[in-house]
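Asker: Dropping in protein_1.cif, which is mmCIF, C-alpha atoms and all ligand atoms:
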```cif
data_entry
loop_
_atom_site.label_atom_id
_atom_site.label_comp_id
_atom_site.auth_asym_id
_atom_site.auth_seq_id
_atom_site.Cartn_x
_atom_site.Cartn_y
_atom_site.Cartn_z
CA MET A 1304 135.70 -31.42 125.33
CA THR A 1305 132.35 -33.16 124.91
CA LEU A 1306 129.23 -31.80 123.24
CA PHE A 1307 126.52 -30.31 125.44
CA ASP A 1308 124.04 -33.13 124.94
CA VAL A 1309 120.70 -31.46 124.25
CA TYR A 1310 119.52 -33.17 121.05
CA PRO A 1311 117.91 -36.62 120.66
CA LEU A 1312 119.93 -37.77 117.64
CA PHE A 1313 119.56 -40.50 115.03
CA ASP A 1314 122.83 -42.37 114.76
CA ILE A 1315 123.35 -41.32 111.12
CA ALA A 1316 126.01 -38.87 109.99
CA PRO A 1317 125.26 -37.47 106.53
CA ALA A 1318 128.51 -37.17 104.62
CA ARG A 1319 127.34 -36.04 101.19
CA ALA A 1320 124.13 -34.73 99.65
CA GLU A 1321 122.61 -33.80 96.31
CA GLY A 1322 119.08 -32.55 95.66
CA SER A 1323 116.77 -34.66 97.83
CA TRP A 1324 119.37 -37.37 98.43
CA LEU A 1325 121.75 -37.86 101.35
CA TRP A 1326 124.55 -40.40 101.76
CA ASP A 1327 125.97 -41.39 105.13
CA GLU A 1328 129.60 -42.22 105.95
CA ASN A 1329 129.11 -45.80 104.70
CA GLY A 1330 127.68 -44.69 101.37
CA THR A 1331 124.09 -45.66 102.27
CA ARG A 1332 121.61 -43.46 100.42
CA TYR A 1333 118.62 -41.75 102.05
CA LEU A 1334 115.69 -39.83 100.58
CA ASP A 1335 115.43 -36.56 102.49
CA LEU A 1336 111.83 -35.40 102.82
CA TYR A 1337 112.55 -33.27 105.87
CA GLY A 1338 115.46 -31.01 104.92
CA GLY A 1339 116.67 -30.53 108.51
CA HIS A 1340 113.44 -28.86 109.68
CA ALA A 1341 112.34 -27.31 106.35
CA VAL A 1342 115.70 -25.68 105.64
CA ILE A 1343 116.64 -27.31 102.33
CA SER A 1344 114.42 -25.30 99.99
CA ILE A 1345 116.19 -25.68 96.63
CA GLY A 1346 117.86 -29.04 97.28
CA HIS A 1347 121.16 -30.00 98.89
CA SER A 1348 124.32 -28.65 97.28
CA HIS A 1349 122.45 -27.15 94.34
CA PRO A 1350 125.20 -26.43 91.73
CA TYR A 1351 124.10 -22.83 91.13
CA TYR A 1352 124.02 -22.17 94.88
CA VAL A 1353 127.42 -23.76 95.44
CA LYS A 1354 128.92 -21.66 92.64
CA ARG A 1355 127.32 -18.41 93.85
CA LEU A 1356 128.65 -18.95 97.39
CA THR A 1357 132.08 -20.10 96.24
CA ASP A 1358 132.45 -17.12 93.88
CA GLN A 1359 131.38 -14.78 96.67
CA LEU A 1360 133.79 -16.33 99.16
CA ASN A 1361 136.60 -15.86 96.66
CA LYS A 1362 135.77 -12.13 96.52
CA ILE A 1363 134.76 -11.23 100.07
CA GLY A 1364 132.88 -13.43 102.52
CA PHE A 1365 132.23 -11.13 105.42
CA TYR A 1366 132.14 -7.62 106.63
CA SER A 1367 129.86 -6.33 109.36
CA ASN A 1368 126.98 -3.87 108.93
CA SER A 1369 129.31 -0.92 109.33
CA VAL A 1370 129.80 -0.57 105.56
CA ARG A 1371 127.44 -0.37 102.59
CA ASN A 1372 126.59 -3.85 101.31
CA PRO A 1373 125.14 -3.79 97.76
CA LEU A 1374 124.26 -7.49 97.96
CA GLN A 1375 121.76 -6.76 100.75
CA VAL A 1376 120.10 -4.17 98.53
CA GLU A 1377 119.95 -6.63 95.62
CA PHE A 1378 118.55 -9.29 97.97
CA ALA A 1379 115.82 -6.94 99.24
CA GLY A 1380 114.89 -6.05 95.64
CA LYS A 1381 114.61 -9.69 94.55
CA LEU A 1382 112.67 -10.65 97.68
CA GLY A 1383 110.28 -7.77 97.13
CA GLN A 1384 109.75 -8.87 93.54
CA LEU A 1385 109.12 -12.56 94.28
CA SER A 1386 107.09 -12.11 97.47
CA GLY A 1387 104.95 -9.23 96.22
CA TYR A 1388 106.08 -7.06 99.15
CA HIS A 1389 107.88 -4.48 96.94
CA ASP A 1390 107.10 -1.55 99.21
CA TYR A 1391 108.11 -3.20 102.50
CA GLN A 1392 111.56 -3.04 104.15
CA LEU A 1393 113.96 -5.86 104.98
CA PHE A 1394 115.99 -6.37 108.17
CA LEU A 1395 118.39 -9.31 107.96
CA CYS A 1396 119.49 -11.45 110.89
CA ASN A 1397 120.67 -15.02 111.43
CA SER A 1398 117.88 -17.29 112.63
CA GLY A 1399 114.16 -17.66 113.16
CA ALA A 1400 114.16 -16.92 116.86
CA GLU A 1401 116.17 -13.78 116.21
CA ALA A 1402 113.71 -12.68 113.52
CA ASN A 1403 110.78 -13.10 115.92
CA GLU A 1404 112.70 -11.41 118.72
CA ASN A 1405 113.26 -8.38 116.48
CA ALA A 1406 109.63 -8.33 115.29
CA LEU A 1407 108.38 -8.38 118.90
CA LYS A 1408 110.86 -5.67 119.75
CA VAL A 1409 109.64 -3.45 116.89
CA ALA A 1410 106.02 -4.00 117.99
CA SER A 1411 106.84 -2.97 121.54
CA PHE A 1412 108.87 0.05 120.40
CA LEU A 1413 106.06 1.30 118.20
CA THR A 1414 103.12 0.71 120.49
CA GLY A 1415 104.81 1.28 123.85
CA ARG A 1416 102.92 -1.86 124.99
CA ARG A 1417 104.14 -5.21 126.30
CA LYS A 1418 101.18 -7.58 125.90
CA ILE A 1419 101.49 -10.18 123.11
CA ILE A 1420 98.81 -12.57 121.88
CA ALA A 1421 100.12 -15.94 120.70
CA PHE A 1422 98.35 -19.22 119.96
CA ARG A 1423 98.19 -22.63 121.57
CA LYS A 1424 100.76 -25.07 120.17
CA ALA A 1425 102.69 -22.14 118.63
CA PHE A 1426 106.44 -22.44 118.17
CA HIS A 1427 108.45 -19.26 117.68
CA GLY A 1428 111.99 -20.16 118.72
CA ARG A 1429 114.25 -20.51 121.69
CA THR A 1430 115.52 -17.07 122.63
CA SER A 1431 113.87 -15.69 125.75
CA GLY A 1432 111.31 -13.53 123.93
CA ALA A 1433 110.56 -16.04 121.17
CA VAL A 1434 110.36 -18.93 123.60
CA ALA A 1435 107.96 -17.00 125.79
CA ALA A 1436 105.57 -16.86 122.82
CA THR A 1437 105.97 -20.64 122.33
CA ASP A 1438 103.24 -22.77 123.88
CA ASN A 1439 105.22 -25.81 125.00
CA PRO A 1440 105.81 -26.37 128.75
CA LYS A 1441 109.01 -28.35 128.05
CA ILE A 1442 110.82 -25.46 126.42
CA VAL A 1443 109.31 -22.47 128.13
CA ALA A 1444 111.73 -19.78 129.29
CA PRO A 1445 112.29 -19.00 132.96
CA PHE A 1446 111.38 -15.39 132.17
CA ASN A 1447 109.75 -13.68 129.22
CA ALA A 1448 111.85 -10.70 128.27
CA GLY A 1449 109.39 -8.21 129.61
CA HIS A 1450 106.48 -9.29 127.43
CA GLU A 1451 103.21 -10.48 128.86
CA ILE A 1452 102.10 -13.37 126.65
CA VAL A 1453 98.49 -14.55 126.40
CA PHE A 1454 97.93 -17.90 124.65
CA LEU A 1455 94.61 -18.32 122.86
CA PRO A 1456 93.10 -21.20 120.87
CA LEU A 1457 93.82 -21.06 117.14
CA ASN A 1458 90.89 -20.00 114.95
CA ASP A 1459 88.78 -18.82 117.92
CA GLN A 1460 87.58 -15.31 117.06
CA ASP A 1461 85.65 -14.88 120.33
CA ALA A 1462 88.73 -15.63 122.42
CA VAL A 1463 90.65 -12.98 120.45
CA THR A 1464 87.84 -10.43 120.78
CA ASN A 1465 87.94 -10.86 124.57
CA VAL A 1466 91.66 -10.10 124.82
CA LEU A 1467 92.65 -7.92 121.87
CA ASP A 1468 92.29 -4.31 123.02
CA ASN A 1469 94.44 -1.20 122.99
CA THR A 1470 96.89 -2.68 125.52
CA VAL A 1471 98.12 -5.32 123.06
CA ALA A 1472 101.42 -4.70 121.26
CA ALA A 1473 101.19 -7.58 118.79
CA VAL A 1474 99.50 -10.74 117.71
CA ILE A 1475 102.02 -13.33 116.52
CA ILE A 1476 100.85 -16.31 114.48
CA GLU A 1477 102.48 -18.91 112.25
CA GLY A 1478 101.41 -19.01 108.58
CA ILE A 1479 100.85 -22.71 109.27
CA GLN A 1480 101.76 -24.14 112.67
CA GLY A 1481 104.65 -26.51 111.99
CA VAL A 1482 106.02 -27.90 115.24
CA GLY A 1483 102.44 -27.78 116.59
CA GLY A 1484 101.36 -30.45 114.09
CA ILE A 1485 100.60 -28.70 110.75
CA GLN A 1486 97.59 -26.74 111.98
CA ILE A 1487 96.29 -24.20 109.44
CA PRO A 1488 94.78 -20.89 110.54
CA ASP A 1489 91.49 -20.32 108.69
CA ASP A 1490 91.76 -17.63 106.02
CA SER A 1491 88.82 -15.89 107.72
CA PHE A 1492 90.69 -15.99 111.05
CA LEU A 1493 93.73 -14.27 109.56
CA GLN A 1494 91.49 -11.66 107.95
CA PHE A 1495 89.79 -11.14 111.31
CA LEU A 1496 93.18 -10.69 113.04
CA GLU A 1497 94.23 -8.15 110.43
CA THR A 1498 91.08 -6.11 111.03
CA LYS A 1499 91.19 -6.38 114.84
CA CYS A 1500 94.87 -5.44 115.01
CA ALA A 1501 94.22 -2.37 112.86
CA GLU A 1502 91.26 -1.34 115.04
CA ASN A 1503 93.33 -1.61 118.22
CA GLY A 1504 96.66 -0.23 117.00
CA ALA A 1505 98.36 -3.62 117.49
CA MET A 1506 100.93 -5.12 115.12
CA LEU A 1507 100.15 -8.35 113.27
CA ILE A 1508 103.26 -10.53 113.05
CA LEU A 1509 103.19 -13.47 110.65
CA ASP A 1510 105.80 -16.06 111.53
CA GLU A 1511 106.57 -17.60 108.12
CA ILE A 1512 109.81 -19.16 109.29
CA GLN A 1513 108.65 -22.67 108.47
CA SER A 1514 105.68 -22.01 106.17
CA GLY A 1515 107.30 -19.33 104.04
CA TYR A 1516 109.53 -19.05 101.05
CA GLY A 1517 107.38 -20.94 98.59
CA ARG A 1518 106.78 -24.02 100.73
CA THR A 1519 102.99 -23.85 100.49
CA GLY A 1520 102.89 -22.95 96.80
CA LYS A 1521 102.50 -19.24 97.53
CA PHE A 1522 105.54 -17.26 98.59
CA PHE A 1523 104.08 -16.93 102.11
CA ALA A 1524 101.29 -19.10 103.52
CA HIS A 1525 99.29 -16.07 104.73
CA GLN A 1526 98.94 -14.93 101.11
CA TYR A 1527 96.17 -17.54 100.74
CA ALA A 1528 94.15 -15.25 103.03
CA ASN A 1529 95.00 -12.11 101.08
CA ILE A 1530 96.15 -10.20 104.13
CA LYS A 1531 99.11 -7.87 104.63
CA PRO A 1532 100.68 -8.11 108.09
CA HIS A 1533 102.83 -5.38 109.65
CA LEU A 1534 105.77 -7.73 110.15
CA ILE A 1535 106.69 -11.05 108.52
CA THR A 1536 109.45 -13.21 109.95
CA MET A 1537 111.50 -15.66 107.89
CA ALA A 1538 114.51 -17.98 108.21
CA LYS A 1539 114.95 -21.72 107.51
CA GLY A 1540 114.69 -22.09 103.69
CA MET A 1541 115.98 -18.55 103.09
CA GLY A 1542 119.61 -19.65 102.89
CA ASN A 1543 119.13 -23.35 101.98
CA GLY A 1544 121.31 -24.21 104.99
CA PHE A 1545 123.38 -21.07 105.32
CA PRO A 1546 122.04 -19.31 108.44
CA VAL A 1547 119.90 -16.44 107.18
CA GLY A 1548 116.90 -14.89 108.93
CA GLY A 1549 114.92 -11.75 108.31
CA VAL A 1550 111.98 -9.53 109.07
CA ILE A 1551 109.89 -7.87 106.36
CA ILE A 1552 108.59 -4.59 107.75
CA HIS A 1553 105.57 -2.47 106.75
CA PRO A 1554 106.44 0.78 104.91
CA ASP A 1555 104.76 2.90 107.61
CA ILE A 1556 107.20 1.62 110.23
CA LYS A 1557 110.13 4.02 110.15
CA PRO A 1558 113.57 2.87 111.26
CA TRP A 1559 115.96 4.90 113.34
CA SER A 1560 119.68 4.42 113.72
CA GLY A 1561 120.37 1.73 116.29
CA MET A 1562 116.76 0.54 116.52
CA LEU A 1563 117.84 -3.03 115.58
CA GLY A 1564 121.22 -4.53 114.89
CA THR A 1565 123.38 -7.62 114.43
CA THR A 1566 127.00 -8.40 113.62
CA PHE A 1567 126.51 -11.29 111.20
CA GLY A 1568 123.05 -10.55 109.79
CA GLY A 1569 122.98 -10.11 106.01
CA ASN A 1570 126.74 -10.47 105.58
CA TYR A 1571 128.08 -10.99 102.05
CA LEU A 1572 127.91 -14.77 102.13
CA ALA A 1573 124.46 -14.77 103.74
CA ALA A 1574 123.14 -12.33 101.16
CA ALA A 1575 124.69 -14.37 98.32
CA ALA A 1576 123.06 -17.52 99.72
CA GLY A 1577 119.71 -15.73 99.99
CA LEU A 1578 119.96 -14.42 96.45
CA ALA A 1579 120.97 -17.81 95.05
CA VAL A 1580 117.91 -19.39 96.68
CA LEU A 1581 115.55 -16.78 95.25
CA GLU A 1582 117.11 -17.02 91.80
CA VAL A 1583 116.72 -20.81 91.75
CA ILE A 1584 113.15 -20.61 93.10
CA GLU A 1585 112.31 -18.29 90.20
CA LYS A 1586 114.27 -20.06 87.46
CA GLU A 1587 113.04 -23.55 88.35
CA ASP A 1588 109.48 -22.42 89.09
CA LEU A 1589 109.63 -24.12 92.47
CA LEU A 1590 106.40 -22.60 93.83
CA ASN A 1591 104.48 -24.43 91.13
CA ASN A 1592 106.39 -27.63 91.79
CA ALA A 1593 105.53 -27.31 95.50
CA LEU A 1594 101.86 -26.92 94.58
CA GLU A 1595 101.83 -29.76 92.09
CA ILE A 1596 103.78 -32.38 94.05
CA GLY A 1597 102.07 -31.29 97.28
CA LYS A 1598 98.65 -31.84 95.74
CA TYR A 1599 99.73 -35.20 94.33
CA LEU A 1600 101.05 -36.35 97.71
CA MET A 1601 98.06 -35.12 99.68
CA GLU A 1602 95.56 -36.76 97.34
CA ALA A 1603 97.41 -40.07 97.41
CA LEU A 1604 97.86 -39.97 101.18
CA GLY A 1605 94.21 -39.03 101.69
CA ALA A 1606 93.17 -42.33 100.09
CA LEU A 1607 95.22 -44.43 102.53
CA LYS A 1608 93.73 -46.13 105.58
CA PRO A 1609 94.07 -45.92 108.54
CA VAL A 1610 95.17 -42.28 108.56
CA ASN A 1611 93.36 -39.89 110.90
CA GLU A 1612 93.86 -36.76 108.83
CA ILE A 1613 96.12 -35.21 106.20
CA ARG A 1614 96.72 -31.50 106.78
CA GLY A 1615 98.80 -29.07 104.81
CA ARG A 1616 99.37 -26.88 101.83
CA GLY A 1617 101.92 -27.42 99.08
CA LEU A 1618 104.96 -29.20 100.49
CA MET A 1619 104.16 -28.59 104.16
CA ILE A 1620 102.24 -31.77 104.96
CA GLY A 1621 101.23 -33.43 108.21
CA ILE A 1622 100.02 -37.04 108.29
CA ASP A 1623 98.09 -37.50 111.51
CA LEU A 1624 98.31 -41.18 112.45
CA PRO A 1625 96.54 -43.25 115.07
CA GLU A 1626 98.58 -43.96 118.22
CA SER A 1627 99.07 -47.58 117.14
CA LEU A 1628 101.15 -46.38 114.15
CA LYS A 1629 103.59 -44.20 116.01
CA GLN A 1630 106.50 -46.41 114.85
CA VAL A 1631 105.94 -45.51 111.21
CA ARG A 1632 108.36 -42.57 111.13
CA SER A 1633 111.18 -44.59 112.64
CA ASN A 1634 110.45 -47.48 110.24
CA LEU A 1635 110.50 -45.12 107.27
CA LEU A 1636 114.00 -44.10 108.25
CA HIS A 1637 115.46 -47.44 109.28
CA ARG A 1638 113.72 -49.79 106.82
CA HIS A 1639 113.16 -47.54 103.82
CA ARG A 1640 115.92 -44.95 104.34
CA ILE A 1641 113.55 -42.00 104.15
CA PHE A 1642 113.90 -38.96 106.40
CA THR A 1643 110.64 -37.38 107.57
CA GLY A 1644 109.84 -35.19 110.56
CA GLU A 1645 107.34 -35.50 113.36
CA SER A 1646 105.09 -33.43 115.54
CA LYS A 1647 104.15 -35.03 118.79
CA PRO A 1648 102.31 -37.23 119.40
CA ASN A 1649 101.69 -38.96 116.04
CA VAL A 1650 102.03 -36.58 113.13
CA VAL A 1651 104.56 -37.41 110.41
CA ARG A 1652 105.75 -34.14 108.89
CA LEU A 1653 106.89 -33.79 105.28
CA LEU A 1654 109.00 -30.71 104.52
CA PRO A 1655 111.01 -31.74 101.46
CA SER A 1656 112.99 -29.63 99.06
CA LEU A 1657 110.68 -27.55 96.88
CA GLY A 1658 112.28 -29.32 93.92
CA VAL A 1659 111.29 -32.83 95.03
CA THR A 1660 110.19 -34.94 92.06
CA LYS A 1661 107.10 -37.07 91.41
CA GLU A 1662 109.32 -40.18 91.34
CA GLN A 1663 110.64 -39.33 94.80
CA ALA A 1664 107.08 -38.71 96.00
CA ASP A 1665 106.14 -42.15 94.63
CA MET A 1666 109.03 -43.79 96.49
CA PHE A 1667 107.68 -42.31 99.69
CA LEU A 1668 104.10 -43.34 98.92
CA THR A 1669 105.16 -46.93 98.26
CA ALA A 1670 107.18 -47.12 101.47
CA PHE A 1671 104.47 -45.45 103.51
CA GLY A 1672 101.80 -47.77 102.05
CA GLU A 1673 103.92 -50.82 102.95
CA GLU A 1674 104.30 -49.59 106.51
CA LEU A 1675 100.56 -49.09 106.88
CA LYS A 1676 99.90 -52.60 105.50
CA ALA A 1677 102.47 -54.12 107.84
CA THR A 1678 100.59 -52.78 110.84
CA ASP A 1679 97.14 -53.90 109.54
C1 LIG A 1701 107.53 -21.32 113.07
C2 LIG A 1701 108.91 -21.22 113.65
N1 LIG A 1701 109.31 -20.06 114.19
C3 LIG A 1701 110.54 -19.91 114.71
C4 LIG A 1701 111.46 -20.95 114.71
C5 LIG A 1701 112.81 -20.76 115.29
O1 LIG A 1701 113.77 -20.74 114.29
P1 LIG A 1701 115.33 -20.98 114.64
O2 LIG A 1701 115.46 -22.39 115.09
O3 LIG A 1701 116.04 -20.66 113.36
O4 LIG A 1701 115.67 -20.01 115.72
C6 LIG A 1701 111.08 -22.19 114.17
C7 LIG A 1701 112.01 -23.33 114.17
O5 LIG A 1701 111.64 -24.49 114.05
C8 LIG A 1701 109.78 -22.34 113.63
O6 LIG A 1701 109.36 -23.49 113.11
#
```
For the structure just supplied, provide its representation as structure tokens.
Answerer:
Amino acid sequence: MTLFDVYPLFDIAPARAEGSWLWDENGTRYLDLYGGHAVISIGHSHPYYVKRLTDQLNKIGFYSNSVRNPLQVEFAGKLGQLSGYHDYQLFLCNSGAEANENALKVASFLTGRRKIIAFRKAFHGRTSGAVAATDNPKIVAPFNAGHEIVFLPLNDQDAVTNVLDNTVAAVIIEGIQGVGGIQIPDDSFLQFLETKCAENGAMLILDEIQSGYGRTGKFFAHQYANIKPHLITMAKGMGNGFPVGGVIIHPDIKPWSGMLGTTFGGNYLAAAAGLAVLEVIEKEDLLNNALEIGKYLMEALGALKPVNEIRGRGLMIGIDLPESLKQVRSNLLHRHRIFTGESKPNVVRLLPSLGVTKEQADMFLTAFGEELKATD
């Protein structure tokens, strides 16, 4: 059998990893500043994480959501403590798209409405509902799971005012647009959405799948705006590579039996992975590290020419380059052995482990500076 060939792949097969380092099959070492799309939050193969998962697997790895699972309760408690959402509720699933799908479903259940407002260049996943709320013609779904999606420009209050009325089920917005090129919603725009949603009985859904879990230096990116959405979706860094997704749900939203469900979501191993990540984030003070190293990187990058713009918060950084420098990302990988991400057309995306060090940041800055000089 062959693989269904849907991914443009680099011809590198990581064989071993530790912290922010990866080694391929030939023993060549790479600095990983991308973490497989923002997934590696506490570093590859973190010893505490490995032990927590191994110990759990030796006890019980899986049982479905047909029995009481104390680890899920512990996970919800720890997440409430670290995120500040003590009074909210947690539904666990397996991926980002699934989290968004469930959030959209809850919004439709509660409001009895099907219209969703999303934003240009948004990315919310690849299931039919999540992909329908994704503004990218290449990956748009052939149908939209019964939702009517309206795409509006980010940060445009007038456009929202014209559409957001009492027929709208939800507004879904990323804490920071990741795939769309590290575009940051204004704090005032998020506050405006919170108010308008409340006025019109619509749900505000914050997609924190890429921007969440400490990446920006706050637990969730929207916390810079001091708002409290009805639903917050998460995945990626939650399990540091183990597939874990979730929705944080406002206390006024009451569940009923069978409202949502999943076979794998929140299983013992997933909950152990989620707990290990939170425990390491707390113990190693990774939110502060994300703030500190992020600030250091952004200041240093901001001084480099010719860079169009540096956008980001904490360790979610986009380096917007002129068209003539579009080779830089590939050169960083092949010449300097540094993994970064991209957003089309010319944004280099940095989404490293939240534990990345200043020395590793300096290695990147040196390599990046050399690449810019080479193209002078
Ligand atoms: C903001 C955002 N939402 C949703 C998703 C979908 O997550 P998943 O690939 O786990 O389904 C992604 C993935 O890149 C994302 O960046």
Asker: Residues at most 10 Å from ligand LIG 1701 (chain A), using all atoms listed in the file? Could they come as JSON, numbers by chain?
Answerer: {"A": [1339, 1340, 1341, 1342, 1397, 1398, 1399, 1400, 1401, 1402, 1403, 1404, 1425, 1426, 1427, 1428, 1429, 1430, 1433, 1434, 1436, 1437, 1476, 1477, 1478, 1479, 1480, 1481, 1482, 1483, 1509, 1510, 1511, 1512, 1513, 1514, 1515, 1536, 1537, 1538, 1539, 1540, 1546, 1547, 1548]}
Asker: I need the residue nearest Ile1613 (chain A) from this list: A:Leu1590, A:Ile1487, A:Val1659, A:Ala1410. Use all atoms listed in the file for the distance.
Answerer: A:Ile1487
Asker: Fewer than 5 positions away in the same chain doesn't count, so skip those; otherwise give me all residues within 10 Å of region 1552-1562 of chain A, counting all atoms listed in the file, as a PDB file with C-alpha atoms, in the coordinates of the input.
Answerer:
```pdb
ATOM      1  CA  TYR A1388     106.080  -7.060  99.150  1.00  0.00           C
ATOM      2  CA  HIS A1389     107.880  -4.480  96.940  1.00  0.00           C
ATOM      3  CA  ASP A1390     107.100  -1.550  99.210  1.00  0.00           C
ATOM      4  CA  TYR A1391     108.110  -3.200 102.500  1.00  0.00           C
ATOM      5  CA  GLN A1392     111.560  -3.040 104.150  1.00  0.00           C
ATOM      6  CA  LEU A1393     113.960  -5.860 104.980  1.00  0.00           C
ATOM      7  CA  PHE A1394     115.990  -6.370 108.170  1.00  0.00           C
ATOM      8  CA  ASN A1405     113.260  -8.380 116.480  1.00  0.00           C
ATOM      9  CA  ALA A1406     109.630  -8.330 115.290  1.00  0.00           C
ATOM     10  CA  LYS A1408     110.860  -5.670 119.750  1.00  0.00           C
ATOM     11  CA  VAL A1409     109.640  -3.450 116.890  1.00  0.00           C
ATOM     12  CA  ALA A1410     106.020  -4.000 117.990  1.00  0.00           C
ATOM     13  CA  PHE A1412     108.870   0.050 120.400  1.00  0.00           C
ATOM     14  CA  LEU A1413     106.060   1.300 118.200  1.00  0.00           C
ATOM     15  CA  MET A1506     100.930  -5.120 115.120  1.00  0.00           C
ATOM     16  CA  ILE A1508     103.260 -10.530 113.050  1.00  0.00           C
ATOM     17  CA  LYS A1531      99.110  -7.870 104.630  1.00  0.00           C
ATOM     18  CA  PRO A1532     100.680  -8.110 108.090  1.00  0.00           C
ATOM     19  CA  HIS A1533     102.830  -5.380 109.650  1.00  0.00           C
ATOM     20  CA  LEU A1534     105.770  -7.730 110.150  1.00  0.00           C
ATOM     21  CA  ILE A1535     106.690 -11.050 108.520  1.00  0.00           C
ATOM     22  CA  THR A1536     109.450 -13.210 109.950  1.00  0.00           C
TER      23      THR A1536
END
```
Asker: Find the distance between CA of Arg1423 (chain A) and CA of Ser1633 (chain A) and write it in Å to one decimal.
Answerer: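 Distance reported for this atom pair: 27.0 Å.
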Asker: When you look at Glu1595 (chain A) with a cut-off of 10 Å (counting only C-alpha atoms), what residues show up, excluding the ones that are within fewer than 6 positions of it in the same chain? I need them as a VMD selection string.
Answerer: chain A and resid 1520 1589 1617 to 1618 1660 to 1661
Asker: Counting all atoms listed in the file, figure out which residue out of A:Leu1604, A:Leu1493, A:Ile1596, A:Met1541 gets nearest to Pro1655 (chain A).
Answerer: A:Ile1596
Asker: Figure out the distance between CA of Phe1307 (chain A) and CA of Leu1636 (chain A), please, to one decimal in Å.
Answerer: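 Computing the Euclidean distance for CA of Leu1636 (chain A) and CA of Phe1307 (chain A) yields 25.3 Å.
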Asker: Find the distance between CA of Ile1584 (chain A) and CA of Ser1656 (chain A) and write it in Å to one decimal.
Answerer: 10.8 Å
